[in-house]
Each structure stands twice: as structure tokens, then as C-alpha cells.
Amino acid sequence: MKAWRDPVALLAVPAVAYLLLLYALPLAWLLAKSIIGPGGLTVQPYLDFFADPFNWRVVWNTLSVAFWVTVACLLVGYPAAFALARAGAALQIAMLVAIILPLSVGVVVKAFAWQIVLRRDGVVSQILVALQVWDEPQRLLFSEAGLVLGAANIFLPFMILPIYSVVKLIDPRLLEAGATLGATPLYRFARIMVPLTLPGVVSGVAFVFSMSVSMYVVPSLLIGDRFQTLSTLTGRSFLFMRNEQLGSTTAVILLALAVSVVVASGWLARRLGSRT
Amino acid sequence: MSFLDVAGAEKSFGAATVLGGIDLGVAQGEFVSLLGPSGCGKTTLLRIIAGLLAPDHGAVKLDGQDITRLPPHRRDVGVVFQNYALFPHLTVAENVAFGLRARRRGASETREAVTRFLDLVHLSELADRSVRALSGGQQQRVAVARALAVRPKLLLLDEPFSALDRKLRETMQIDLRRLLRELGTTSVFVTHDQDEALTMSDRIAVMNRGAIEQLDTPEAIYRRPATAFALEFVGLSTRLAGKIVASQAGQVTVDTAFGRLLAPASFVVGAPVLLAVRPERIKVEPEGAYALKARLRDAVFQGSKVQLHFETPDGDQLMAETSDLPHGLPSPGSEMKLGWAVTDTLIYPAP
């Protein structure tokens, strides 16, 4: 039976209609805004955008912050997902609550909280001085490191949860089987756990990267105007500069970057996965 | 000194003692089954031998080396798991190659071993399939090939046939036994299925509540069960409760619901006992002397033989198997004479 004849497909109609009306249409309008000039179709806004070195800096800022946030979330989230999946029932519930509950606190509130944490006399600075990593208190607020630190905290659940849901389904006997076949713990991890958790890692990376590449409030509050990303630039173009063409151009570039990075990482992961 | 030597293995989980000081010796090339009901500790013992679980006390020696504290990947003990635990992200051939690659064997050696062992389990055509596309029986054979490809000193099998249907199970039991014999692999096999244990084993360890009740050849276990539990767990039998009324010269007289019966044993007069006879040792309607008369409750036709169940008081069981019924199937309710040799009588302290 063809898919479109299956009456079950009708169940998707409300969702498709909603997305079409409120997402696809505005998106198409946005794209159109960026390529339609006073004299018809044009790629001039894109040429203008890439002709300006400041804009290259903005693209670089966007990608590097998103990259480091994703790396930080992966490094912290991967082991956390294992701990969560292998914890006893009561501890698991407590951990899940601890991960999910902060999602109900608004991003703005969290970003303001991080402002306090990252100040010169904030907790992070105090700890690093106490550990003698730093000689004197320093301000992390309004620095890239501070932004990565704060953003990674906010997006961490979106890395942990997809990996957790994959780890939970992995039969622990697979590792035992690997051990009885003579595989060292490291070999078992690399050849059994990593390939089997790859789908979770790919979706976690896709979530965190696409959220951090497009975040607006967090950089506005943690680093300020002097550090522009594609989304803050988009916001400024629409809100302050009233330049709809620049705003729609940067928005389309941001979308294209995010989609291509997410698609490419998924493709890469599948290739690596099929080769092990 | 056995090839595999488990001495005084003890394991408790919290307050529950799962293994209470087990000793087990397995000779090189031998196939020993651990047979018992679920919860008897057989899988725990298997996991201790594999190194997947540490015993609270006791030692495990393999080929003269104390491996009690050795992690599983340095033991050279292969395991076929109950659910096979195949690597779902790898093909059939890659699953078989896993152990060889983990041990950093050369590429050509690995390829040869994979080809050979896939051939031995008749899966050569499926080498490049995903293991997820295989049937239960095929998965089981991949698991066996994977465990054997590294040529472990010892192979442990944890109920590897329990997920297969009966017919397939029987052919695979014979195939596996032949394969292990050809390779000379020392094996310990965990099962709760007595038929499986009787068919495959050189020796059987009958386990109950964390202890080995009897360790002997299948024939000895069937003919001379050492304990009432072994009698009950392996094979069918007539079981009559009774009390010793006389004892002399290695023979006792037992008072049962069916009168007085003789058994070769020494017991104190007055002791409560359980008297048992294997069903095929009982002669139905014998010429001359007989042991007792009983009323037939059921005659079950089983092809090559007929199973006769007789009416008994509660708790007792009286049954006979015969292939020789000259007058056809007797009808329920008829009274029949049963007899057996005194030497075929088994007797145990009442459980």
C-alpha cells in the first residue's frame, strides 16, 4: 500500500498544517526577503555580507562557541548518561529530576544566575583561586569561556537524555561477552559501547549544536554586544537597525550552517559506525 | 588435580547464601553439566568461573593456574550466554572475529579462524549478514562459533538452548556435543533441563540450594540417585513414604501404604523413609512373586512404551513403564500386580 493512501497518514494532518502555516511559510518569506531586492531576484545581500570581514568574524564566533558548547556537553554528558542508565531505581529518579527540573527554569533566569556565578567575586573565580589555578580573582563574565560554561550548563540535558535513552537499551551482557572473549576494558568501550551509543551521541550533538548555534538570550546576557553571533546579529538587524534584508540574510546563513553541520555529523557518525 | 578446580566457592547476596562452599573438579576435555532448578546457584557458579562475579570465599584454578583474582578478559574462559549477547552492530563474521581482534591476532590468522568456525557451525553463507537478521538457532551457533574461535581453555554454556523449540534443540544438542568432542574443548554447561543434561554430559553435577548433591555420570545419577532431591529432579520414579520395621544384614523391611517392601540399606528401626523405584524397572503382571497390587488410575500411551499410573494415598506416587502389554491397554480401575528386584529399590531418609 502506498503511504499516502494509508488512512493512518491522516493523523499527521494537524501537525503538518501547523508547521506549514506557522513555520514553513514564514521561513519561505524570510528566504524570499533575503533574495528579492528592489530590482527583482538578487544574491547581492549575500555577496555584501561575505565581503565584510566583520561578518566573517561573526560566523566564526557563532561556530566556535557552538562547537565548544557541544564538546563540553559531550564530555560531561556522556559519562553522566552512563551513570544515569546504570543507577538504581531511586537514584535514577533523583538524577532524572535533577536533570529535567532545571529545564522548567527560564533561560533568562539561568543566564542571570550565571552572571552572578561568573563575576570576578563569583563562585567559579573563588574556586579557581582556592585551587591555586589562578593567582588572583578574574572575571569570567563577558568572556567566551564564561559563555561556553553557562551555555553548556543550560543545554546539558539535551545531550544527556538522548545518550541515556540509548545506553539504557544496551544489554550489559554485551560487555561481559566482550570480556570473556579477551577484550580489555578500553577495547570493550571503544568497540562495543561507542558504536552502540553513537545514535544517541549524534542526536545529542544535533540538539546541542543547533540550540547553541542559534542561542540569542544567553550570549546577550553573558557576553554582551561586543561579541556578535549570527543570531544576535539577526536580532539587532530586525530590532535596532530595521534592516530586514540583512536580518533575513543572516538568518538564512545561520539556518544553512546549522543544518549542514547537523547533517554532516550524522553522516560522519554513520560512516564511522558502519566501519567498526 | 583437575583441569578446572573450584574449591570452596561461596557467594552470598545480602542475607541470601547462593553458593555454600562448592567443590567441583573437571578433567581436560570433559563435558560437565550443572543441573538444578532456577535459584540453585548454577548460574552464579558459572559466573564465578568466568570471572564475571567474585566469590566471597574459595578459589578457582584452571590448568594449574589460580585465576580467582584474574579479570575475565585474562582468563581464557569462553562463555555462550543464555541470550547469546551477540554484538548487534557487527556482522556474523565480525562477531566471530571479535575475540581474535581483541587479542591482536594477525589478519590472516583471524580470517582463517573465522572461516573455519563459521564452517563448523554451518553458517558460512551468512558470514556478511547482520546478526539481527538471524533466527534463534542461527544466533546460537554464531555465539558458539564466537566463543570457540579464540580456542579458550574452557567453554561455559549458560542454558544456550532454552530459547529454541524442542526439535531444533535436540539436533543442536547433538551437533554441539560432537563439535566440542572433536575440538577437545573442556566444557561446563548450565541447564535446568534433565534430558539435555543426560544426553550431553560426561558427568552431571546435580545442584540444589547452593550445593552439589551429586556429581556422577548420567547413568549413575539416573540409576543410583544419591539423594531424594536428585531422584526427584532427574527422571520419573515411584515414590512411597514408609517406616522401617526391621533391619538386618544390609536389608531393611519398610512398611508402606502398599504393604511391606524390602530394600538394600541400613536404617534404624522406626526411621521414616522414602522408597523409590524407576518406572522401567517395575515389571507389570510378573510371573510368580510380586511386590504389591495396585488399582490402575491411568494408562498413557507414549508410542514405544505405555506409562501406567496407579491410585495411591496422598503424597505417594506409583508408576510403571512397559513396552510389553500382551492383552492391550488395561482399563482404568483394574487391579494389577507389580514386582521389581530388591536391588532396584532406592531408599532415602524421608525429606
# chains A, B, ... in the order shown; residues from 1 in each chain; ligands from 1
>>> residues_around(residues="B:Pro71", least_positions_apart="5", cutoff="9 Å", atoms="only C-alpha atoms", output="mmCIF file with N, CA and C atoms, in the first residue's frame")
data_model
loop_
_atom_site.group_PDB
_atom_site.id
_atom_site.type_symbol
_atom_site.label_atom_id
_atom_site.label_comp_id
_atom_site.auth_asym_id
_atom_site.auth_seq_id
_atom_site.Cartn_x
_atom_site.Cartn_y
_atom_site.Cartn_z
ATOM 1 N N ALA A 179 34.327 -9.177 27.429
ATOM 2 C CA ALA A 179 35.371 -9.524 28.401
ATOM 3 C C ALA A 179 35.762 -10.994 28.282
ATOM 4 N N ALA B 50 33.770 -17.832 35.218
ATOM 5 C CA ALA B 50 34.089 -16.932 34.097
ATOM 6 C C ALA B 50 34.792 -15.669 34.572
ATOM 7 N N GLY B 51 34.689 -15.356 35.872
ATOM 8 C CA GLY B 51 35.301 -14.132 36.386
ATOM 9 C C GLY B 51 34.371 -12.944 36.316
ATOM 10 N N LEU B 52 33.083 -13.175 36.021
ATOM 11 C CA LEU B 52 32.115 -12.082 35.945
ATOM 12 C C LEU B 52 31.563 -11.758 37.325
#
>>> interface_residues(of="chain B", to="chain A", cutoff="12 Å", atoms="only C-alpha atoms", output="PyMOL selection string")
chain B and resi 47+49-53+70-91+94-105+130+143-157
>>> closest_residue(among="A:Val259, A:Leu169, A:Leu10, A:Leu222", to="A:Arg119", atoms="only C-alpha atoms")
A:Leu222
>>> closest_residue(among="B:Leu4, B:Ser334, B:Leu35, B:Leu118", to="B:Met200", atoms="only C-alpha atoms")
B:Leu35
>>> closest_residue(among="A:Trp29, A:Ile223, A:Val59, A:Ile127", to="A:Leu257", atoms="only C-alpha atoms")
A:Val59
>>> residues_around(residues="B:Thr199", least_positions_apart="5", cutoff="10 Å", atoms="only C-alpha atoms", output="list in words")
Glu170, Gln173, Ile174, Arg177, Gln194 and Pro218 of chain B
>>> write_last_selection(atoms="C-alpha atoms", output="PDB file, in the first residue's frame")
ATOM      1  CA  GLU B 170      17.576 -31.845  20.117  1.00  0.00           C
ATOM      2  CA  GLN B 173      22.472 -30.617  21.330  1.00  0.00           C
ATOM      3  CA  ILE B 174      23.909 -33.489  19.311  1.00  0.00           C
ATOM      4  CA  ARG B 177      28.344 -32.184  21.633  1.00  0.00           C
ATOM      5  CA  GLN B 194      17.400 -33.016  32.805  1.00  0.00           C
ATOM      6  CA  PRO B 218      24.395 -39.573  33.744  1.00  0.00           C
TER       7      PRO B 218
END
>>> atom_distance(atom1="atom CA of B:Tyr348", atom2="atom CA of B:Thr43")
28.0 Å
>>> atom_distance(atom1="atom CA of A:Gly146", atom2="atom CA of A:Phe207")
20.8 Å
>>> closest_residue(among="A:Leu140, A:Leu147, A:Ala66, A:Ala94", to="A:Met211", atoms="only C-alpha atoms")
A:Ala66
>>> residues_around(residues="stretch 205-210 of chain B", least_positions_apart="3", cutoff="6 Å", atoms="only C-alpha atoms", output="list in words")
Val18, Leu19, Gly20, Ser33, Leu34, Leu35, Gly36, Cys40, Gly41, Glu213, Gln214 and Leu215 of chain B
>>> write_last_selection(atoms="C-alpha atoms", output="compact mmCIF listing (two decimals), in the first residue's frame")
# COMPACT_ATOMS: atom_id res chain seq x y z
CA VAL B 18 23.54 -18.52 46.87
CA LEU B 19 26.57 -20.80 46.93
CA GLY B 20 27.58 -22.54 50.13
CA SER B 33 26.62 -30.18 33.33
CA LEU B 34 25.40 -28.17 36.28
CA LEU B 35 21.82 -29.32 36.60
CA GLY B 36 19.31 -27.84 39.01
CA CYS B 40 20.06 -23.34 42.87
CA GLY B 41 23.22 -21.31 42.23
CA GLU B 213 24.03 -33.01 45.74
CA GLN B 214 25.65 -35.50 43.40
CA LEU B 215 28.42 -35.42 40.82
>>> atom_distance(atom1="atom CA of A:Ser143", atom2="atom CA of A:Cys73")
18.4 Å
>>> residues_around(residues="B:Arg278", least_positions_apart="5", cutoff="12 Å", atoms="only C-alpha atoms", output="MDAnalysis selection string")
chainID B and resid 221:225 231:232 234:240 283 307 317:322 339:341 343:347
>>> select_by_dssp(residues="stretch 28-190 of chain A", states="strand (DSSP E)", output="PyMOL selection string")
chain A and resi 36-37+40-41
>>> closest_residue(among="B:Gln65, B:Ser135, B:Thr256, B:Ser323", to="B:Lys243", atoms="only C-alpha atoms")
B:Thr256
>>> residues_around(residues="A:Leu141", least_positions_apart="6", cutoff="10 Å", atoms="only C-alpha atoms", output="PyMOL selection string")
chain A and resi 114-120+122+147+150+221-224
>>> write_last_selection(atoms="C-alpha atoms", output="PDB file, in the first residue's frame")
ATOM      1  CA  TRP A 114      25.314  32.676  35.582  1.00  0.00           C
ATOM      2  CA  GLN A 115      26.092  36.401  35.558  1.00  0.00           C
ATOM      3  CA  ILE A 116      26.432  36.171  39.319  1.00  0.00           C
ATOM      4  CA  VAL A 117      28.421  32.935  39.211  1.00  0.00           C
ATOM      5  CA  LEU A 118      30.889  34.235  36.613  1.00  0.00           C
ATOM      6  CA  ARG A 119      31.629  37.588  38.277  1.00  0.00           C
ATOM      7  CA  ARG A 120      35.103  38.470  39.485  1.00  0.00           C
ATOM      8  CA  GLY A 122      31.782  34.777  41.791  1.00  0.00           C
ATOM      9  CA  LEU A 147      29.658  31.969  27.652  1.00  0.00           C
ATOM     10  CA  GLY A 150      26.976  28.941  31.004  1.00  0.00           C
ATOM     11  CA  LEU A 221      23.393  38.353  28.849  1.00  0.00           C
ATOM     12  CA  LEU A 222      26.708  36.544  29.334  1.00  0.00           C
ATOM     13  CA  ILE A 223      28.955  38.274  26.834  1.00  0.00           C
ATOM     14  CA  GLY A 224      27.151  41.340  25.548  1.00  0.00           C
TER      15      GLY A 224
END
>>> closest_residue(among="A:Ala85, A:Ala9, A:Gly204, A:Ala17", to="A:Gly266", atoms="only C-alpha atoms")
A:Gly204
>>> select_by_dssp(residues="stretch 135-268 of chain A", states="helix (DSSP H, G or I)", output="ChimeraX atom specification")
/A:144-167,173-180,185-213,217-222,230-239,244-268
>>> write_last_selection(atoms="C-alpha atoms", output="tab-separated table (two decimals), in the first residue's frame")
chain	number	residue	atom	x	y	z
A	144	GLU	CA	33.95	33.44	25.65
A	145	ALA	CA	34.92	30.89	28.30
A	146	GLY	CA	32.13	32.18	30.52
A	147	LEU	CA	29.66	31.97	27.65
A	148	VAL	CA	30.64	28.37	26.87
A	149	LEU	CA	30.43	27.45	30.56
A	150	GLY	CA	26.98	28.94	31.00
A	151	ALA	CA	25.55	27.69	27.71
A	152	ALA	CA	26.88	24.17	28.27
A	153	ASN	CA	25.09	24.08	31.60
A	154	ILE	CA	21.81	25.18	30.06
A	155	PHE	CA	21.94	22.71	27.14
A	156	LEU	CA	23.43	19.74	29.03
A	157	PRO	CA	20.10	17.88	29.48
A	158	PHE	CA	19.72	17.75	25.70
A	159	MET	CA	22.98	15.83	25.48
A	160	ILE	CA	22.40	13.52	28.45
A	161	LEU	CA	18.85	12.42	27.67
A	162	PRO	CA	19.31	11.05	24.11
A	163	ILE	CA	22.51	9.23	25.11
A	164	TYR	CA	20.83	7.90	28.25
A	165	SER	CA	17.90	6.53	26.26
A	166	VAL	CA	20.32	4.58	24.05
A	167	VAL	CA	22.57	3.34	26.87
A	173	ARG	CA	25.89	-8.75	28.91
A	174	LEU	CA	27.42	-7.45	25.68
A	175	LEU	CA	30.29	-6.04	27.73
A	176	GLU	CA	30.57	-9.29	29.66
A	177	ALA	CA	30.65	-11.18	26.37
A	178	GLY	CA	33.43	-8.87	25.20
A	179	ALA	CA	35.37	-9.52	28.40
A	180	THR	CA	35.11	-13.30	28.10
A	185	PRO	CA	38.00	-2.66	29.33
A	186	LEU	CA	39.29	0.01	26.94
A	187	TYR	CA	38.78	-2.21	23.88
A	188	ARG	CA	35.26	-3.09	25.07
A	189	PHE	CA	34.43	0.57	25.45
A	190	ALA	CA	35.83	1.52	22.04
A	191	ARG	CA	34.44	-1.42	20.07
A	192	ILE	CA	31.15	-2.12	21.82
A	193	MET	CA	29.94	0.89	23.80
A	194	VAL	CA	30.99	3.68	21.45
A	195	PRO	CA	29.45	2.22	18.27
A	196	LEU	CA	26.27	1.26	20.10
A	197	THR	CA	25.84	4.67	21.72
A	198	LEU	CA	26.65	6.55	18.51
A	199	PRO	CA	22.99	7.14	17.55
A	200	GLY	CA	22.41	8.79	20.93
A	201	VAL	CA	25.56	10.87	20.59
A	202	VAL	CA	24.51	12.02	17.11
A	203	SER	CA	21.11	13.17	18.29
A	204	GLY	CA	22.60	14.78	21.42
A	205	VAL	CA	25.17	16.63	19.31
A	206	ALA	CA	22.49	17.68	16.82
A	207	PHE	CA	20.29	19.02	19.65
A	208	VAL	CA	23.02	20.90	21.49
A	209	PHE	CA	24.77	22.22	18.40
A	210	SER	CA	21.62	23.52	16.75
A	211	MET	CA	20.46	25.09	20.02
A	212	SER	CA	23.78	26.72	20.81
A	213	VAL	CA	24.43	27.91	17.27
A	217	VAL	CA	19.43	35.36	25.12
A	218	VAL	CA	22.43	33.55	26.61
A	219	PRO	CA	25.14	35.42	24.66
A	220	SER	CA	23.26	38.69	25.07
A	221	LEU	CA	23.39	38.35	28.85
A	222	LEU	CA	26.71	36.54	29.33
A	230	LEU	CA	24.67	35.20	13.74
A	231	SER	CA	21.57	35.12	15.90
A	232	THR	CA	22.39	38.27	17.89
A	233	LEU	CA	23.21	39.98	14.61
A	234	THR	CA	19.90	38.81	13.16
A	235	GLY	CA	18.12	40.15	16.20
A	236	ARG	CA	19.92	43.51	16.01
A	237	SER	CA	19.18	43.83	12.30
A	238	PHE	CA	15.47	43.42	12.83
A	239	LEU	CA	15.08	45.16	16.19
A	244	GLU	CA	15.15	43.35	7.18
A	245	GLN	CA	17.31	42.28	4.30
A	246	LEU	CA	20.44	41.88	6.46
A	247	GLY	CA	18.40	40.16	9.15
A	248	SER	CA	16.87	37.64	6.78
A	249	THR	CA	20.24	37.04	5.11
A	250	THR	CA	21.97	36.24	8.39
A	251	ALA	CA	19.03	34.10	9.48
A	252	VAL	CA	19.22	32.02	6.30
A	253	ILE	CA	23.00	31.64	6.62
A	254	LEU	CA	22.58	30.54	10.24
A	255	LEU	CA	19.95	28.00	9.23
A	256	ALA	CA	22.09	26.65	6.39
A	257	LEU	CA	25.13	26.32	8.68
A	258	ALA	CA	23.22	24.60	11.44
A	259	VAL	CA	21.50	22.15	9.11
A	260	SER	CA	24.69	21.27	7.24
A	261	VAL	CA	26.70	20.70	10.43
A	262	VAL	CA	23.98	18.50	11.92
A	263	VAL	CA	23.51	16.52	8.69
A	264	ALA	CA	27.26	16.16	8.20
A	265	SER	CA	27.87	14.95	11.75
A	266	GLY	CA	25.10	12.38	11.39
A	267	TRP	CA	26.55	11.17	8.11
A	268	LEU	CA	30.06	11.03	9.55
>>> residues_around(residues="B:Leu261", least_positions_apart="2", cutoff="12 Å", atoms="only C-alpha atoms", output="ChimeraX atom specification")
/B:240-247,251-259,263-264,273-277,290-293,338-347
